[in-house]
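*Asks:* Dropping in data.pdb, which is PDB, C-alpha atoms:
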```pdb
ATOM      1  CA  MET A   1       0.000   0.000   0.000
ATOM      2  CA  PRO A   2       1.947   3.051  -1.214
ATOM      3  CA  PHE A   3      -0.435   5.807  -0.124
ATOM      4  CA  TYR A   4      -2.181   6.331   3.173
ATOM      5  CA  ALA A   5      -5.351   8.145   4.091
ATOM      6  CA  GLY A   6      -7.229   9.005   7.231
ATOM      7  CA  GLN A   7      -8.626   5.522   7.723
ATOM      8  CA  GLN A   8      -5.038   4.259   8.265
ATOM      9  CA  GLY A   9      -4.346   6.789  11.015
ATOM     10  CA  LYS A  10      -4.542   6.181  14.747
ATOM     11  CA  LEU A  11      -3.474   7.859  17.976
ATOM     12  CA  PHE A  12      -2.258   6.029  21.056
ATOM     13  CA  ILE A  13      -2.036   7.722  24.454
ATOM     14  CA  ASP A  14       0.514   6.833  27.146
ATOM     15  CA  SER A  15       1.600   3.445  25.815
ATOM     16  CA  SER A  16      -1.969   2.193  25.622
ATOM     17  CA  LYS A  17      -2.308  -0.949  23.481
ATOM     18  CA  THR A  18      -5.698   0.296  22.322
ATOM     19  CA  ALA A  19      -5.961   3.213  19.919
ATOM     20  CA  ALA A  20      -7.672   6.334  21.255
ATOM     21  CA  ALA A  21     -11.324   6.515  20.373
ATOM     22  CA  LYS A  22     -12.820   8.946  17.858
ATOM     23  CA  VAL A  23      -9.642  10.713  16.768
ATOM     24  CA  VAL A  24     -10.475  13.117  13.954
ATOM     25  CA  SER A  25      -6.933  14.182  13.068
ATOM     26  CA  TRP A  26      -3.367  14.431  14.241
ATOM     27  CA  ARG A  27      -0.499  16.502  12.923
ATOM     28  CA  PHE A  28       3.065  17.375  13.886
ATOM     29  CA  THR A  29       5.690  19.877  12.770
ATOM     30  CA  SER A  30       9.429  19.453  13.174
ATOM     31  CA  THR A  31      11.603  22.568  12.972
ATOM     32  CA  ALA A  32      15.367  22.993  13.019
ATOM     33  CA  ASN A  33      16.847  26.369  13.864
ATOM     34  CA  VAL A  34      19.935  27.552  12.036
ATOM     35  CA  LEU A  35      22.904  29.562  13.257
ATOM     36  CA  ASP A  36      24.481  32.094  10.937
ATOM     37  CA  THR A  37      28.216  31.503  10.434
ATOM     38  CA  THR A  38      28.720  34.094   7.685
ATOM     39  CA  THR A  39      32.022  35.959   7.983
ATOM     40  CA  LEU A  40      33.173  39.250   6.535
ATOM     41  CA  SER A  41      34.914  37.817   3.486
ATOM     42  CA  ASP A  42      31.918  35.673   2.491
ATOM     43  CA  THR A  43      29.694  36.533  -0.449
ATOM     44  CA  ASP A  44      27.092  33.943   0.472
ATOM     45  CA  ARG A  45      25.458  33.169   3.761
ATOM     46  CA  THR A  46      26.679  30.068   5.558
ATOM     47  CA  LEU A  47      24.772  28.209   8.250
ATOM     48  CA  ILE A  48      25.007  25.402  10.760
ATOM     49  CA  TYR A  49      22.200  23.602  12.514
ATOM     50  CA  GLY A  50      21.008  24.830  15.882
ATOM     51  CA  THR A  51      18.380  23.304  18.130
ATOM     52  CA  ARG A  52      15.394  21.347  16.858
ATOM     53  CA  SER A  53      11.840  21.514  18.105
ATOM     54  CA  MET A  54       8.656  19.603  17.467
ATOM     55  CA  SER A  55       5.051  20.481  18.092
ATOM     56  CA  GLY A  56       1.717  19.146  16.987
ATOM     57  CA  SER A  57      -1.982  18.975  17.494
ATOM     58  CA  CYS A  58      -4.840  16.513  17.427
ATOM     59  CA  ARG A  59      -8.594  16.660  17.420
ATOM     60  CA  LEU A  60     -10.767  14.124  19.223
ATOM     61  CA  TYR A  61     -14.514  13.853  19.656
ATOM     62  CA  TYR A  62     -15.639  13.924  23.266
ATOM     63  CA  TYR A  63     -16.880  10.323  23.282
ATOM     64  CA  ASN A  64     -17.709   7.916  26.087
ATOM     65  CA  TYR A  65     -17.239   4.212  25.451
ATOM     66  CA  ALA A  66     -17.298   1.008  27.480
ATOM     67  CA  ASP A  67     -14.028  -0.734  28.245
ATOM     68  CA  GLY A  68     -15.009  -3.850  30.130
ATOM     69  CA  SER A  69     -16.944  -2.635  33.112
ATOM     70  CA  ALA A  70     -15.455   0.852  32.960
ATOM     71  CA  THR A  71     -16.488   3.848  30.929
ATOM     72  CA  LYS A  72     -13.645   5.661  29.227
ATOM     73  CA  ASN A  73     -13.220   8.915  27.347
ATOM     74  CA  ASP A  74      -9.867   9.441  25.576
ATOM     75  CA  CYS A  75     -10.632  13.078  24.821
ATOM     76  CA  GLY A  76     -11.259  13.599  28.523
ATOM     77  CA  LEU A  77      -7.997  11.820  29.286
ATOM     78  CA  LEU A  78      -6.024  14.376  27.294
ATOM     79  CA  LEU A  79      -7.994  17.245  28.794
ATOM     80  CA  SER A  80      -7.161  15.951  32.257
ATOM     81  CA  LYS A  81      -3.450  16.379  31.502
ATOM     82  CA  ILE A  82      -3.808  20.144  31.348
ATOM     83  CA  ILE A  83      -7.037  20.938  33.196
ATOM     84  CA  LYS A  84      -6.668  20.456  36.942
ATOM     85  CA  GLU A  85      -9.303  21.201  39.526
ATOM     86  CA  GLY A  86      -9.004  23.496  42.518
ATOM     87  CA  SER A  87     -10.607  22.849  45.918
ATOM     88  CA  SER A  88     -12.459  26.157  46.023
ATOM     89  CA  ALA A  89     -12.846  29.498  44.279
ATOM     90  CA  GLY A  90      -9.563  31.384  44.278
ATOM     91  CA  ASP A  91      -7.494  28.288  44.998
ATOM     92  CA  GLY A  92      -4.285  29.044  43.117
ATOM     93  CA  GLU A  93      -2.178  26.088  44.296
ATOM     94  CA  ASN A  94      -3.302  22.987  42.486
ATOM     95  CA  ALA A  95      -1.855  19.936  40.781
ATOM     96  CA  ALA A  96       0.686  20.505  38.048
ATOM     97  CA  SER A  97      -0.097  19.570  34.453
ATOM     98  CA  ASP A  98       0.942  16.098  33.386
ATOM     99  CA  PRO A  99       3.173  15.096  30.500
ATOM    100  CA  VAL A 100       1.847  12.581  27.996
ATOM    101  CA  THR A 101       3.338  10.203  25.433
ATOM    102  CA  LEU A 102       1.534  10.229  22.119
ATOM    103  CA  ARG A 103       2.001   7.663  19.370
ATOM    104  CA  LEU A 104       1.060   9.144  16.001
ATOM    105  CA  TYR A 105       0.369   5.959  14.055
ATOM    106  CA  VAL A 106      -0.068   4.981  10.398
ATOM    107  CA  ASP A 107      -1.219   1.481   9.497
ATOM    108  CA  ASP A 108       0.986   0.744   6.491
ATOM    109  CA  GLY A 109       0.016  -2.893   6.360
ATOM    110  CA  SER A 110       3.125  -4.084   8.177
ATOM    111  CA  LYS A 111       3.161  -5.968  11.456
ATOM    112  CA  ASP A 112       3.943  -2.960  13.621
ATOM    113  CA  GLY A 113       2.881  -0.071  11.424
ATOM    114  CA  ARG A 114       4.668   3.256  11.273
ATOM    115  CA  TYR A 115       4.604   5.657  14.167
ATOM    116  CA  LEU A 116       6.275   8.508  16.009
ATOM    117  CA  ASP A 117       6.417   8.218  19.784
ATOM    118  CA  LEU A 118       6.423  11.766  21.134
ATOM    119  CA  PRO A 119       6.954  12.708  24.797
ATOM    120  CA  ALA A 120       4.760  15.776  24.875
ATOM    121  CA  LEU A 121       3.506  18.574  27.060
ATOM    122  CA  ILE A 122      -0.030  19.636  26.207
ATOM    123  CA  THR A 123      -0.008  23.398  25.846
ATOM    124  CA  ASN A 124      -3.537  24.130  24.664
ATOM    125  CA  ALA A 125      -6.934  22.485  24.825
ATOM    126  CA  SER A 126     -10.059  24.077  23.441
ATOM    127  CA  MET A 127     -13.644  22.932  23.029
ATOM    128  CA  SER A 128     -16.815  24.592  21.892
ATOM    129  CA  MET A 129     -20.454  23.539  21.958
ATOM    130  CA  SER A 130     -22.779  24.745  19.257
ATOM    131  CA  VAL A 131     -25.932  23.639  17.493
ATOM    132  CA  GLY A 132     -25.355  21.193  14.674
ATOM    133  CA  GLU A 133     -21.827  20.254  15.670
ATOM    134  CA  VAL A 134     -20.321  17.313  17.491
ATOM    135  CA  LEU A 135     -18.465  18.216  20.650
ATOM    136  CA  ALA A 136     -14.744  17.850  20.074
ATOM    137  CA  ALA A 137     -11.474  19.038  21.615
ATOM    138  CA  ASP A 138      -8.544  20.577  19.784
ATOM    139  CA  ILE A 139      -5.351  19.673  21.619
ATOM    140  CA  SER A 140      -1.994  21.349  20.957
ATOM    141  CA  PHE A 141       1.274  20.018  22.297
ATOM    142  CA  GLU A 142       5.006  20.665  22.342
ATOM    143  CA  VAL A 143       7.393  17.729  22.219
ATOM    144  CA  ASN A 144       9.736  17.529  25.203
ATOM    145  CA  GLY A 145      13.097  16.609  23.706
ATOM    146  CA  ALA A 146      13.302  14.293  20.729
ATOM    147  CA  PRO A 147      10.960  11.541  19.521
ATOM    148  CA  LEU A 148      11.578   8.304  21.398
ATOM    149  CA  THR A 149      13.953   5.778  19.863
ATOM    150  CA  SER A 150      11.026   3.407  19.310
ATOM    151  CA  SER A 151       9.807   5.698  16.516
ATOM    152  CA  ASN A 152       9.951   4.326  12.994
ATOM    153  CA  LEU A 153       7.957   6.866  10.963
ATOM    154  CA  ASN A 154      11.121   8.872  10.275
ATOM    155  CA  THR A 155      13.059   6.057   8.694
ATOM    156  CA  ALA A 156      13.154   4.522   5.257
ATOM    157  CA  LYS A 157      13.832   1.072   6.609
ATOM    158  CA  THR A 158      11.283  -1.521   5.566
ATOM    159  CA  GLN A 159       9.069  -2.993   8.204
ATOM    160  CA  ALA A 160       8.663  -6.616   9.214
ATOM    161  CA  PRO A 161       6.071  -8.417   7.096
ATOM    162  CA  VAL A 162       2.524  -8.905   8.299
ATOM    163  CA  TYR A 163       2.093 -12.412   9.684
TER     164      TYR A 163
ATOM    165  CA  MET B   1      57.360  43.288  23.017
ATOM    166  CA  SER B   2      56.694  40.442  20.602
ATOM    167  CA  ALA B   3      54.090  40.262  17.824
ATOM    168  CA  ILE B   4      51.648  37.391  18.379
ATOM    169  CA  PRO B   5      49.477  36.583  15.350
ATOM    170  CA  PHE B   6      45.755  36.329  15.950
ATOM    171  CA  PRO B   7      44.236  32.880  15.162
ATOM    172  CA  ASN B   8      43.072  32.443  11.565
ATOM    173  CA  LEU B   9      39.402  33.073  12.284
ATOM    174  CA  LYS B  10      37.459  35.519  10.147
ATOM    175  CA  PRO B  11      35.113  37.783  12.108
ATOM    176  CA  SER B  12      31.360  38.014  11.647
ATOM    177  CA  SER B  13      31.482  41.744  12.278
ATOM    178  CA  ARG B  14      34.080  44.433  12.843
ATOM    179  CA  SER B  15      34.192  48.063  13.905
ATOM    180  CA  TYR B  16      37.206  50.353  13.847
ATOM    181  CA  ASN B  17      37.973  53.707  15.413
ATOM    182  CA  PRO B  18      41.261  55.286  14.246
ATOM    183  CA  GLY B  19      41.836  57.084  17.559
ATOM    184  CA  GLN B  20      42.629  60.723  18.296
ATOM    185  CA  TYR B  21      45.614  63.019  18.373
ATOM    186  CA  PRO B  22      46.882  63.729  21.896
ATOM    187  CA  GLN B  23      45.943  67.294  22.660
ATOM    188  CA  THR B  24      44.352  69.498  25.243
ATOM    189  CA  GLU B  25      41.897  72.177  24.273
ATOM    190  CA  PHE B  26      41.445  75.436  26.128
ATOM    191  CA  LYS B  27      38.373  77.508  25.480
ATOM    192  CA  ALA B  28      38.425  81.177  26.442
ATOM    193  CA  GLN B  29      35.450  83.054  27.705
ATOM    194  CA  ASN B  30      35.109  84.797  24.378
ATOM    195  CA  GLY B  31      34.878  81.380  22.661
ATOM    196  CA  ALA B  32      38.365  81.355  21.244
ATOM    197  CA  ARG B  33      40.021  77.945  21.328
ATOM    198  CA  THR B  34      43.671  77.184  22.015
ATOM    199  CA  ILE B  35      44.905  73.662  21.361
ATOM    200  CA  VAL B  36      48.118  72.283  22.730
ATOM    201  CA  ARG B  37      49.173  69.263  20.696
ATOM    202  CA  PHE B  38      51.474  66.795  22.466
ATOM    203  CA  GLY B  39      52.234  64.523  19.540
ATOM    204  CA  ASN B  40      51.772  64.157  15.812
ATOM    205  CA  ARG B  41      50.552  60.576  15.859
ATOM    206  CA  ARG B  42      47.018  59.404  16.581
ATOM    207  CA  VAL B  43      46.708  57.117  19.581
ATOM    208  CA  ASP B  44      44.239  54.751  21.207
ATOM    209  CA  SER B  45      42.641  53.400  18.042
ATOM    210  CA  LYS B  46      39.964  50.808  18.735
ATOM    211  CA  LEU B  47      39.045  47.606  16.991
ATOM    212  CA  GLU B  48      36.088  45.409  17.894
ATOM    213  CA  LEU B  49      35.746  41.949  16.381
ATOM    214  CA  SER B  50      32.941  39.489  16.905
ATOM    215  CA  PHE B  51      32.931  35.846  15.932
ATOM    216  CA  ASN B  52      29.446  34.352  15.850
ATOM    217  CA  ASN B  53      28.674  30.643  16.120
ATOM    218  CA  ILE B  54      32.208  29.289  16.057
ATOM    219  CA  THR B  55      33.237  25.992  17.560
ATOM    220  CA  ASP B  56      34.349  25.832  21.167
ATOM    221  CA  ALA B  57      37.809  24.801  19.939
ATOM    222  CA  GLN B  58      38.019  27.996  17.874
ATOM    223  CA  ALA B  59      36.859  30.034  20.854
ATOM    224  CA  ALA B  60      39.625  28.440  22.914
ATOM    225  CA  LEU B  61      42.179  29.573  20.295
ATOM    226  CA  ILE B  62      41.123  33.170  20.900
ATOM    227  CA  LEU B  63      41.470  32.716  24.657
ATOM    228  CA  ASP B  64      44.909  31.151  24.162
ATOM    229  CA  ASN B  65      45.903  34.180  22.078
ATOM    230  CA  TYR B  66      44.648  36.521  24.814
ATOM    231  CA  GLN B  67      46.887  34.746  27.335
ATOM    232  CA  GLN B  68      49.889  34.731  25.013
ATOM    233  CA  VAL B  69      49.562  38.469  24.359
ATOM    234  CA  ASN B  70      49.004  39.475  27.966
ATOM    235  CA  ARG B  71      51.208  36.992  29.790
ATOM    236  CA  ASP B  72      54.124  39.189  28.763
ATOM    237  CA  TRP B  73      53.964  42.655  27.268
ATOM    238  CA  ASN B  74      53.192  41.548  23.678
ATOM    239  CA  ASN B  75      50.970  42.793  20.883
ATOM    240  CA  VAL B  76      48.600  41.029  18.505
ATOM    241  CA  THR B  77      48.801  41.234  14.710
ATOM    242  CA  PHE B  78      46.071  40.802  12.107
ATOM    243  CA  THR B  79      46.035  39.650   8.485
ATOM    244  CA  ALA B  80      43.457  39.010   5.787
ATOM    245  CA  ALA B  81      43.106  35.495   7.182
ATOM    246  CA  ASN B  82      41.648  36.868  10.400
ATOM    247  CA  GLY B  83      40.926  40.394  11.592
ATOM    248  CA  THR B  84      41.186  42.283   8.285
ATOM    249  CA  ALA B  85      39.246  39.673   6.268
ATOM    250  CA  GLY B  86      37.026  41.175   3.596
ATOM    251  CA  ALA B  87      38.627  44.644   3.723
ATOM    252  CA  SER B  88      40.443  46.321   0.872
ATOM    253  CA  SER B  89      44.219  46.644   1.074
ATOM    254  CA  GLN B  90      43.914  50.373   1.803
ATOM    255  CA  LEU B  91      41.560  49.854   4.719
ATOM    256  CA  SER B  92      43.466  46.799   5.923
ATOM    257  CA  ALA B  93      46.507  49.026   6.525
ATOM    258  CA  TYR B  94      44.454  50.904   9.101
ATOM    259  CA  LEU B  95      42.733  47.818  10.525
ATOM    260  CA  ALA B  96      46.067  46.080  11.024
ATOM    261  CA  GLU B  97      47.846  49.334  11.989
ATOM    262  CA  ASN B  98      50.768  48.355   9.779
ATOM    263  CA  GLY B  99      50.685  51.410   7.517
ATOM    264  CA  GLY B 100      53.231  53.375   9.498
ATOM    265  CA  SER B 101      51.031  54.553  12.386
ATOM    266  CA  GLY B 102      53.382  53.023  14.913
ATOM    267  CA  LEU B 103      50.418  51.704  16.864
ATOM    268  CA  LEU B 104      50.406  48.191  18.243
ATOM    269  CA  TRP B 105      47.234  46.263  18.993
ATOM    270  CA  ARG B 106      46.643  44.935  22.497
ATOM    271  CA  TYR B 107      43.523  43.551  24.116
ATOM    272  CA  SER B 108      41.665  46.353  25.902
ATOM    273  CA  GLY B 109      39.858  43.741  27.970
ATOM    274  CA  PRO B 110      39.266  39.999  28.142
ATOM    275  CA  PRO B 111      37.328  38.376  25.289
ATOM    276  CA  LYS B 112      33.682  37.661  26.050
ATOM    277  CA  VAL B 113      32.565  34.126  25.291
ATOM    278  CA  GLN B 114      28.890  33.251  25.072
ATOM    279  CA  SER B 115      27.821  29.642  24.740
ATOM    280  CA  VAL B 116      25.134  29.337  22.090
ATOM    281  CA  TYR B 117      24.629  25.640  21.462
ATOM    282  CA  PRO B 118      26.492  22.481  22.507
ATOM    283  CA  GLY B 119      29.992  22.917  21.104
ATOM    284  CA  ILE B 120      29.182  26.333  19.602
ATOM    285  CA  SER B 121      30.099  29.733  21.042
ATOM    286  CA  SER B 122      30.109  33.388  20.074
ATOM    287  CA  VAL B 123      33.115  35.507  21.032
ATOM    288  CA  SER B 124      33.640  39.271  21.038
ATOM    289  CA  CYS B 125      37.018  40.951  21.392
ATOM    290  CA  GLU B 126      38.077  44.555  21.846
ATOM    291  CA  PHE B 127      41.532  45.880  21.062
ATOM    292  CA  VAL B 128      43.249  49.199  21.618
ATOM    293  CA  GLY B 129      46.083  50.526  19.467
ATOM    294  CA  ILE B 130      48.791  51.863  21.719
ATOM    295  CA  LEU B 131      51.879  53.890  20.994
ATOM    296  CA  ASP B 132      54.440  51.903  22.929
ATOM    297  CA  GLY B 133      56.504  54.155  25.133
ATOM    298  CA  ASN B 134      59.139  51.508  25.871
TER     299      ASN B 134
END
```
Can you give me the file's structure in the form of structure tokens?

*Replies:*
Amino acid sequence: MPFYAGQQGKLFIDSSKTAAAKVVSWRFTSTANVLDTTTLSDTDRTLIYGTRSMSGSCRLYYYNYADGSATKNDCGLLLSKIIKEGSSAGDGENAASDPVTLRLYVDDGSKDGRYLDLPALITNASMSMSVGEVLAADISFEVNGAPLTSSNLNTAKTQAPVY
Amino acid sequence: MSAIPFPNLKPSSRSYNPGQYPQTEFKAQNGARTIVRFGNRRVDSKLELSFNNITDAQAALILDNYQQVNRDWNNVTFTAANGTAGASSQLSAYLAENGGSGLLWRYSGPPKVQSVYPGISSVSCEFVGILDGN
């Protein structure tokens, strides 16, 4: 399968073996800064690499589903990373936000698929409720450090065959 | 006083001030000026060089040069491979102070090293052209 579309995409949260429910989209951006090394006798600008950074976003429907005897909501799980409750009005000292590991996954037909494992800090979560629309959350995140070494989306190596 | 060549690193930016002639100015109450000139050579020229995003090893070469120049009473020299890079030959004679000015470059203060990225630093140096009285 040379091309991939939305139906091959999945999102996994915090090493879960089950894909997150009702994921509408995920995206990431990787940026590398450059440092200018141009000197006075140069006629053309010269550069070296500086630090890299990654960020991304995903959109999930706010959806309750049964998992055995429990009811789960993966959108709510991500919201809980950044939204923490206080004990009373004006309570400014509350729990810190939690980091999360996101696996941005593409089912390429191989045994393991292709994915990027990103240790992330959720920086923005927004929801809106309006007539005629399904409630969903837009989640933005910044990657803390580099993608984990388990990632294989950023490699040209072929994957193990599907058994 | 020995001439110590500056490391072969070309600067990212440079500024030069040719210095002034040693003199004292007296201004009378009627506005008339009297100038007493103490020498016919300009003194205290200034040269500022900055080296952006160089390796730490290159930054260490500049610090080594600073120690070599200041450990004894020595002066630093510049060529087109370092401090006068990119300048015409006419301007280079001023930048290197080898056009007959008699001035010798010395560090006016320690180089400033700023770490930018692992293994990468930016360094700025300031020099003063002195008329050696020895």

*Asks:* With the PyMOL selection byres ((chain A) within 12 of (chain B)) as the selection, what would be picked from this file? Answer as a PyMOL selection string, please.

*Replies:* chain A and resi 33-43+45-52

*Asks:* When distances are computed from only C-alpha atoms, which of B:Cys125, B:Leu103, B:Met1, B:Ala60 shows the smallest separation from Arg42 of chain B?

*Replies:*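 Counting only C-alpha atoms, the residue closest to Arg42 of chain B is B:Leu103.
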
*Asks:* So which residues touch Gly102 of chain B within 10 Å, counting all atoms listed in the file, skipping near sequence neighbours fewer than 5 positions away, as a compact mmCIF listing (two decimals) with C-alpha atoms, in the coordinates of the input?

*Replies:*
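part25.txt was written with the following content:
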```txt
# COMPACT_ATOMS: atom_id res chain seq x y z
CA ARG B 41 50.55 60.58 15.86
CA ARG B 42 47.02 59.40 16.58
CA VAL B 43 46.71 57.12 19.58
CA GLU B 97 47.85 49.33 11.99
CA GLY B 129 46.08 50.53 19.47
CA ILE B 130 48.79 51.86 21.72
CA LEU B 131 51.88 53.89 20.99
CA ASP B 132 54.44 51.90 22.93
```

*Asks:* Nearest residue to Ala137 of chain A out of A:Thr31, A:Ser110, A:Ser25, A:Thr155, using all atoms listed in the file?

*Replies:*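 Under the stated criterion, the closest residue is A:Ser25.
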
*Asks:* Using the chain letters and numbers from the file, which residues does the PyMOL selection byres ((chain A and resi 142) around 12) grab, as JSON, numbers by chain?

*Replies:* {"A": [27, 28, 29, 30, 31, 52, 53, 54, 55, 56, 57, 58, 99, 100, 101, 102, 118, 119, 120, 121, 122, 123, 124, 139, 140, 141, 143, 144, 145, 146, 147]}

*Asks:* Interatomic distance between atom CA of Leu78 of chain A and atom CA of Asp117 of chain A?

*Replies:*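 Separation of atom CA of Leu78 of chain A and atom CA of Asp117 of chain A: 15.8 Å.
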
*Asks:* Report as JSON, numbers by chain the full result of the PyMOL selection byres ((chain A and resi 7-21) around 6) when it is applied to this structure.

*Replies:* {"A": [5, 6, 22, 23, 74, 100, 101, 102, 103, 104, 105, 106, 107]}

*Asks:* Write the residues of the preceding selection, restricted to C-alpha atoms, as a compact mmCIF listing (two decimals), in the frame of the given file.

*Replies:*
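As written to disk, part_29.txt reads:
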```
# COMPACT_ATOMS: atom_id res chain seq x y z
CA ALA A 5 -5.35 8.14 4.09
CA GLY A 6 -7.23 9.01 7.23
CA LYS A 22 -12.82 8.95 17.86
CA VAL A 23 -9.64 10.71 16.77
CA ASP A 74 -9.87 9.44 25.58
CA VAL A 100 1.85 12.58 28.00
CA THR A 101 3.34 10.20 25.43
CA LEU A 102 1.53 10.23 22.12
CA ARG A 103 2.00 7.66 19.37
CA LEU A 104 1.06 9.14 16.00
CA TYR A 105 0.37 5.96 14.06
CA VAL A 106 -0.07 4.98 10.40
CA ASP A 107 -1.22 1.48 9.50
```
